[in-house]
file model_18.pdb (PDB, C-alpha atoms, pLDDT in the B column)
ATOM      1  CA  MET A  10       0.000   0.000   0.000  1.00 71.00           C
ATOM      2  CA  PHE A  11       1.827   3.006  -1.314  1.00 74.00           C
ATOM      3  CA  PHE A  12       0.667   6.459  -0.314  1.00 80.00           C
ATOM      4  CA  ARG A  13       2.642   9.360  -1.754  1.00 82.00           C
ATOM      5  CA  GLY A  14       5.502   7.027  -2.634  1.00 75.00           C
ATOM      6  CA  LYS A  15       5.882   5.559   0.853  1.00 78.00           C
ATOM      7  CA  GLU A  16       5.068   2.000   1.905  1.00 78.00           C
ATOM      8  CA  TYR A  17       3.062   1.888   5.136  1.00 83.00           C
ATOM      9  CA  VAL A  18       2.852  -1.878   5.568  1.00 83.00           C
ATOM     10  CA  LYS A  19       6.249  -3.014   6.811  1.00 83.00           C
ATOM     11  CA  THR A  20       5.850  -6.729   6.090  1.00 88.00           C
ATOM     12  CA  ILE A  21       4.401  -6.520   2.585  1.00 89.00           C
ATOM     13  CA  ASP A  22       7.739  -7.343   0.952  1.00 90.00           C
ATOM     14  CA  ASN A  23       7.818 -10.597   2.932  1.00 93.00           C
ATOM     15  CA  ALA A  24       4.279 -11.352   1.765  1.00 94.00           C
ATOM     16  CA  TYR A  25       5.254 -10.875  -1.882  1.00 94.00           C
ATOM     17  CA  TYR A  26       8.309 -13.082  -1.297  1.00 96.00           C
ATOM     18  CA  LEU A  27       6.163 -15.854   0.176  1.00 96.00           C
ATOM     19  CA  MET A  28       3.738 -15.562  -2.733  1.00 97.00           C
ATOM     20  CA  GLY A  29       6.652 -15.952  -5.145  1.00 97.00           C
ATOM     21  CA  LYS A  30       7.895 -19.014  -3.293  1.00 97.00           C
ATOM     22  CA  ALA A  31       4.403 -20.505  -3.348  1.00 97.00           C
ATOM     23  CA  TYR A  32       4.236 -20.022  -7.105  1.00 97.00           C
ATOM     24  CA  PHE A  33       7.707 -21.551  -7.422  1.00 97.00           C
ATOM     25  CA  TYR A  34       6.761 -24.678  -5.497  1.00 97.00           C
ATOM     26  CA  LYS A  35       3.480 -24.837  -7.404  1.00 97.00           C
ATOM     27  CA  GLN A  36       5.679 -24.882 -10.544  1.00 96.00           C
ATOM     28  CA  ASP A  37       4.063 -21.747 -11.944  1.00 96.00           C
ATOM     29  CA  TYR A  38       7.428 -20.254 -12.834  1.00 96.00           C
ATOM     30  CA  ASN A  39       6.167 -17.284 -14.835  1.00 96.00           C
ATOM     31  CA  GLN A  40       4.158 -15.956 -11.888  1.00 97.00           C
ATOM     32  CA  ALA A  41       7.033 -16.666  -9.499  1.00 97.00           C
ATOM     33  CA  GLN A  42       9.382 -14.715 -11.726  1.00 96.00           C
ATOM     34  CA  ARG A  43       6.934 -11.803 -11.829  1.00 96.00           C
ATOM     35  CA  MET A  44       6.778 -11.704  -8.010  1.00 96.00           C
ATOM     36  CA  PHE A  45      10.552 -11.810  -7.571  1.00 96.00           C
ATOM     37  CA  ASN A  46      11.077  -9.143 -10.236  1.00 95.00           C
ATOM     38  CA  TYR A  47       8.450  -6.969  -8.551  1.00 94.00           C
ATOM     39  CA  ILE A  48      10.307  -7.208  -5.245  1.00 93.00           C
ATOM     40  CA  ASP A  49      13.582  -6.391  -6.959  1.00 92.00           C
ATOM     41  CA  HIS A  50      12.239  -3.279  -8.689  1.00 92.00           C
ATOM     42  CA  THR A  51       9.909  -1.970  -5.986  1.00 89.00           C
ATOM     43  CA  TYR A  52      11.714  -2.565  -2.691  1.00 87.00           C
ATOM     44  CA  LYS A  53      15.224  -1.246  -3.269  1.00 82.00           C
ATOM     45  CA  GLU A  54      16.230  -1.029   0.412  1.00 83.00           C
ATOM     46  CA  SER A  55      14.609  -4.244   1.598  1.00 83.00           C
ATOM     47  CA  ASP A  56      16.544  -6.998   3.346  1.00 84.00           C
ATOM     48  CA  ILE A  57      14.685  -9.614   1.313  1.00 91.00           C
ATOM     49  CA  LYS A  58      15.901  -8.293  -2.043  1.00 91.00           C
ATOM     50  CA  GLU A  59      18.927 -10.617  -2.257  1.00 91.00           C
ATOM     51  CA  GLU A  60      16.829 -13.641  -1.323  1.00 93.00           C
ATOM     52  CA  ALA A  61      14.304 -12.714  -4.011  1.00 95.00           C
ATOM     53  CA  LYS A  62      17.092 -12.497  -6.595  1.00 94.00           C
ATOM     54  CA  ILE A  63      18.374 -15.923  -5.573  1.00 95.00           C
ATOM     55  CA  MET A  64      14.885 -17.407  -5.886  1.00 96.00           C
ATOM     56  CA  ASN A  65      14.531 -15.648  -9.233  1.00 96.00           C
ATOM     57  CA  ALA A  66      17.757 -17.335 -10.336  1.00 96.00           C
ATOM     58  CA  ARG A  67      16.401 -20.711  -9.206  1.00 96.00           C
ATOM     59  CA  THR A  68      13.248 -20.012 -11.190  1.00 97.00           C
ATOM     60  CA  ALA A  69      15.295 -19.130 -14.274  1.00 96.00           C
ATOM     61  CA  MET A  70      17.222 -22.392 -13.912  1.00 96.00           C
ATOM     62  CA  ARG A  71      13.979 -24.359 -13.768  1.00 96.00           C
ATOM     63  CA  MET A  72      12.890 -22.611 -16.967  1.00 96.00           C
ATOM     64  CA  ASN A  73      16.274 -23.486 -18.586  1.00 96.00           C
ATOM     65  CA  TYR A  74      17.411 -19.837 -18.763  1.00 96.00           C
ATOM     66  CA  TYR A  75      20.881 -20.514 -17.403  1.00 96.00           C
ATOM     67  CA  SER A  76      22.516 -17.318 -18.652  1.00 96.00           C
ATOM     68  CA  ARG A  77      19.860 -15.210 -16.917  1.00 95.00           C
ATOM     69  CA  ALA A  78      20.360 -17.210 -13.709  1.00 96.00           C
ATOM     70  CA  PHE A  79      24.112 -16.651 -13.937  1.00 96.00           C
ATOM     71  CA  ASP A  80      23.590 -12.893 -14.355  1.00 95.00           C
ATOM     72  CA  LEU A  81      21.221 -12.749 -11.379  1.00 93.00           C
ATOM     73  CA  LEU A  82      23.636 -14.629  -9.143  1.00 94.00           C
ATOM     74  CA  ASN A  83      26.447 -12.291 -10.182  1.00 94.00           C
ATOM     75  CA  GLU A  84      24.254  -9.309  -9.224  1.00 91.00           C
ATOM     76  CA  VAL A  85      23.625 -10.852  -5.800  1.00 91.00           C
ATOM     77  CA  ASP A  86      27.338 -11.470  -5.332  1.00 91.00           C
ATOM     78  CA  HIS A  87      28.105  -7.870  -6.286  1.00 88.00           C
ATOM     79  CA  ASP A  88      25.404  -6.474  -3.939  1.00 82.00           C
ATOM     80  CA  VAL A  89      26.524  -8.568  -0.970  1.00 82.00           C
ATOM     81  CA  TYR A  90      30.176  -7.713  -1.573  1.00 79.00           C
ATOM     82  CA  GLN A  91      29.362  -3.977  -1.557  1.00 77.00           C
ATOM     83  CA  LYS A  92      27.460  -4.303   1.736  1.00 70.00           C
ATOM     84  CA  LYS A  93      30.411  -6.066   3.380  1.00 68.00           C
ATOM     85  CA  ASN A  94      32.770  -3.295   2.275  1.00 68.00           C
ATOM     86  CA  LYS A  95      30.508  -0.597   3.736  1.00 64.00           C
ATOM     87  CA  LYS A  96      30.501  -2.279   7.148  1.00 58.00           C
TER
END
call {"tool": "encode", "arguments": {"input": "model_18.pdb", "output": "structure tokens"}}
result
Amino acid sequence: MFFRGKEYVKTIDNAYYLMGKAYFYKQDYNQAQRMFNYIDHTYKESDIKEEAKIMNARTAMRMNYYSRAFDLLNEVDHDVYQKKNKK
């Protein structure tokens, strides 16, 4: 629930993540990919963003898009490496 560009429900990113995982385990990979991409593009500062990218990579592997999965995992590696350097 966005009002004036601000999210007021703190756990909504976790809800979207769980919906994506449910679609993944249901083997509806297109919907799962949509959920994980939505998290990636909408919640830039969320803690769940890296986990969503990893699940998106797993989804891409199940759909036989190995180059996309490789790119996503490289993005996660780059993001985590930057966070470690900041601390």
call {"tool": "atom_distance", "arguments": {"input": "model_18.pdb", "atom1": "atom CA of Thr68 of chain A", "atom2": "atom CA of Tyr47 of chain A"}}
result
14.1 Å
call {"tool": "closest_residue", "arguments": {"input": "model_18.pdb", "among": "A:Gln42, A:Phe33, A:Arg13, A:Ala24", "to": "Tyr74 of chain A", "atoms": "all atoms listed in the file"}}
result
A:Gln42
call {"tool": "atom_distance", "arguments": {"input": "model_18.pdb", "atom1": "atom CA of Arg71 of chain A", "atom2": "atom CA of Gln91 of chain A"}}
result
28.3 Å
call {"tool": "atom_distance", "arguments": {"input": "model_18.pdb", "atom1": "atom CA of Leu81 of chain A", "atom2": "atom CA of Glu54 of chain A"}}
result
17.4 Å
call {"tool": "resolve_selection", "arguments": {"input": "model_18.pdb", "expression": "the PyMOL selection byres ((chain A and resi 78) around 12)", "output": "list in words"}}
result
Gln42, Lys62, Ile63, Met64, Asn65, Ala66, Arg67, Thr68, Ala69, Met70, Arg71, Met72, Asn73, Tyr74, Tyr75, Ser76, Arg77, Phe79, Asp80, Leu81, Leu82, Asn83, Glu84 and Val85 of chain A
call {"tool": "resolve_selection", "arguments": {"input": "model_18.pdb", "expression": "the PyMOL selection byres ((chain A and resi 18-21) around 12)", "output": "PyMOL selection string"}}
result
chain A and resi 10-12+15-17+22-28+47-48+51-52+55-57
call {"tool": "axis_aligned_box", "arguments": {"input": "model_18.pdb", "around": "segment 18-30 of chain A", "padding_each_side": "6 Å", "output": "lines of an AutoDock Vina configuration file"}}
result
center_x = 5.6
center_y = -10.4
center_z = 0.8
size_x = 17.5
size_y = 29.1
size_z = 24.0
call {"tool": "closest_residue", "arguments": {"input": "model_18.pdb", "among": "A:Gly14, A:Ala41, A:Lys30, A:Asp88", "to": "Glu59 of chain A", "atoms": "only C-alpha atoms"}}
result
A:Asp88
